[in-house]
Structures are given as structure tokens and as C-alpha cells.
>>> print(open('protein_18.cif').read())   # mmCIF, C-alpha atoms
data_start
loop_
_atom_site.label_atom_id
_atom_site.label_comp_id
_atom_site.auth_asym_id
_atom_site.auth_seq_id
_atom_site.Cartn_x
_atom_site.Cartn_y
_atom_site.Cartn_z
CA MET A 1 279.37 117.02 -108.49
CA THR A 2 279.36 119.52 -105.65
CA ILE A 3 277.89 122.21 -107.85
CA ALA A 4 275.03 119.90 -108.83
CA PHE A 5 274.27 119.24 -105.16
CA VAL A 6 274.38 122.96 -104.39
CA LEU A 7 271.99 123.70 -107.27
CA ILE A 8 269.56 121.03 -106.08
CA VAL A 9 269.60 122.34 -102.50
CA ALA A 10 269.17 125.90 -103.78
CA SER A 11 266.20 124.75 -105.87
CA VAL A 12 264.61 123.18 -102.79
CA LEU A 13 265.07 126.41 -100.85
CA VAL A 14 263.57 128.44 -103.69
CA GLY A 15 260.59 126.08 -103.81
CA ILE A 16 260.05 126.37 -100.06
CA ALA A 17 260.32 130.16 -100.13
CA THR A 18 257.89 130.34 -103.04
CA GLY A 19 255.46 128.06 -101.23
CA PHE A 20 255.40 130.37 -98.22
CA PHE A 21 254.78 133.59 -100.10
CA PHE A 22 253.16 132.94 -103.47
CA ARG A 23 250.36 130.98 -105.13
CA ILE A 24 250.78 128.20 -107.65
CA TRP A 25 250.97 130.62 -110.58
CA ALA A 26 254.40 131.64 -109.34
CA LEU A 27 255.68 128.27 -110.55
CA VAL A 28 255.01 129.41 -114.11
CA VAL A 29 257.58 132.16 -113.62
CA LEU A 30 259.84 130.29 -111.22
CA SER A 31 260.42 127.12 -113.26
CA PRO A 32 262.02 128.75 -116.31
CA ILE A 33 264.17 130.94 -114.07
CA VAL A 34 265.43 127.90 -112.13
CA ALA A 35 266.08 125.99 -115.36
CA ILE A 36 267.96 128.82 -117.06
CA PHE A 37 270.01 129.65 -113.97
CA ALA A 38 270.94 125.99 -113.42
CA ALA A 39 271.83 125.55 -117.11
CA ILE A 40 274.09 128.61 -117.07
CA ILE A 41 275.87 127.50 -113.92
CA LEU A 42 276.28 123.93 -115.15
CA ARG A 43 277.61 125.11 -118.51
CA ALA A 44 280.11 127.38 -116.77
CA TYR A 45 281.39 124.41 -114.75
CA GLY A 46 281.78 122.25 -117.85
CA PHE A 47 278.93 119.79 -117.42
CA GLY A 48 278.03 117.83 -120.55
CA MET A 49 274.67 117.83 -122.28
CA MET A 50 273.20 114.70 -120.68
CA ALA A 51 274.47 115.43 -117.18
CA GLY A 52 273.31 119.03 -117.43
CA VAL A 53 269.82 118.09 -118.59
CA ALA A 54 269.54 115.53 -115.79
CA VAL A 55 270.56 118.03 -113.12
CA VAL A 56 268.23 120.72 -114.51
CA ALA A 57 265.34 118.23 -114.52
CA ILE A 58 266.12 117.24 -110.93
CA CYS A 59 266.30 120.91 -109.92
CA LEU A 60 262.89 121.58 -111.44
CA ALA A 61 261.34 118.50 -109.87
CA VAL A 62 262.64 119.16 -106.35
CA SER A 63 261.71 122.82 -106.56
CA GLN A 64 258.12 122.00 -107.45
CA LEU A 65 257.91 119.18 -104.89
CA ALA A 66 259.20 121.53 -102.21
CA TYR A 67 256.59 124.10 -103.24
CA PHE A 68 253.76 121.55 -103.02
CA ALA A 69 255.02 120.15 -99.70
CA THR A 70 255.23 123.64 -98.23
CA THR A 71 251.75 124.65 -99.36
CA TYR A 72 250.33 121.34 -98.13
CA LEU A 73 251.88 121.83 -94.70
CA ARG A 74 250.65 125.43 -94.58
CA TYR A 75 247.04 124.55 -95.38
CA ALA A 76 246.81 121.00 -93.97
CA ARG A 77 244.79 122.07 -90.95
CA ASP A 78 242.26 123.85 -93.17
CA ILE A 79 241.66 120.62 -95.10
CA SER A 80 240.16 118.44 -92.42
CA PRO A 81 238.13 115.31 -93.12
CA HIS A 82 236.62 115.60 -89.63
CA ASP A 83 234.16 118.23 -90.82
CA GLU A 84 232.55 115.70 -93.12
CA ILE A 85 232.64 112.75 -90.72
CA ASP A 86 231.02 114.21 -87.62
CA GLY A 87 228.18 115.90 -89.48
CA GLU A 88 228.95 119.33 -88.11
CA PRO A 89 229.36 122.13 -90.65
CA GLY A 90 232.81 123.56 -91.08
CA GLU A 91 233.71 127.22 -91.14
CA ILE A 92 232.07 127.57 -94.54
CA GLY A 93 228.58 126.26 -93.87
CA GLU A 94 225.56 126.50 -96.10
CA LYS A 95 222.95 129.06 -95.14
CA LYS A 96 219.15 128.90 -95.38
CA ILE A 97 218.84 125.15 -95.06
CA ARG A 98 215.53 124.05 -93.56
CA PRO A 99 215.60 121.52 -90.77
CA GLU A 100 214.61 118.03 -91.80
CA HIS A 101 212.48 117.36 -88.71
CA LYS A 102 209.10 119.04 -88.83
#
>>> encode(input="protein_18.cif", output="C-alpha cells")
Amino acid sequence: MTIAFVLIVASVLVGIATGFFFRIWALVVLSPIVAIFAAIILRAYGFGMMAGVAVVAICLAVSQLAYFATTYLRYARDISPHDEIDGEPGEIGEKKIRPEHK
């Protein structure tokens, strides 16, 4: 049971590290690597089929959730609803718009 917990924590750390340095396409490469590594380790420690599949699925889920949480926290201040509410343009404003008052 300890090895399953260690694999889950390691998957979270890998997801966080990936979220800090890479874009979402890194999950395409990262997910199979996490799954294969976890499966090899679990097989070496004598986990059965059902327990192994459950732990691998949990490892994949927490890794991806950690990635999404990290990227959300990194870019949360860039995604501000206040730009739309107060009527002021954000950093990316539209150019060449005529004024409505003539």
C-alpha cells in the first residue's frame, strides 16, 4: 500500500512540474510514461490486475488534475472577468473602432 501512495504522490509532483514548464501537449507524452512506469513498479511489488489498474488510473487522474490546477493558478490573473464588467478594454484591445458618439 505504501508503494501505491508513493506512486500517487510522485504522479502529482510530475503533473505539477509539467504544468510549470510545458503546454497541454506534454500530457500526450506524459500520460503513457506515467502509466507504464506505475505498471512496472506495481508489477514488481506483486500487485494484482485489478489493484494495479486502479492505482494506475488514479496516478493518471491525479497527474492530469495537478497539471490543470498548476496551469490554472499560473494563468488565473490573466483570465479576469473584470475586463468585461467595467467596460474597459483589457491588454488585448481592438484597434480602429470608431467612437459611438458623434
>>> closest_residue(input="protein_18.cif", among="A:Phe5, A:Ile16, A:Ile36, A:Arg43", to="Ala69 in chain A", atoms="only C-alpha atoms")
A:Ile16
>>> closest_residue(input="protein_18.cif", among="A:Ala51, A:Tyr67, A:Tyr75, A:Leu42", to="Phe22 in chain A", atoms="all atoms listed in the file")
A:Tyr67
>>> residues_around(input="protein_18.cif", residues="range 44-50 of chain A", least_positions_apart="5", cutoff="9 Å", atoms="all atoms listed in the file", output="list in words")
Ile3, Ala39 and Val55 of chain A
>>> atom_distance(input="protein_18.cif", atom1="CA of Trp25 in chain A", atom2="CA of Leu60 in chain A")
15.0 Å
>>> closest_residue(input="protein_18.cif", among="A:Ile41, A:Val56, A:Thr2, A:Leu30", to="Gly15 in chain A", atoms="all atoms listed in the file")
A:Leu30
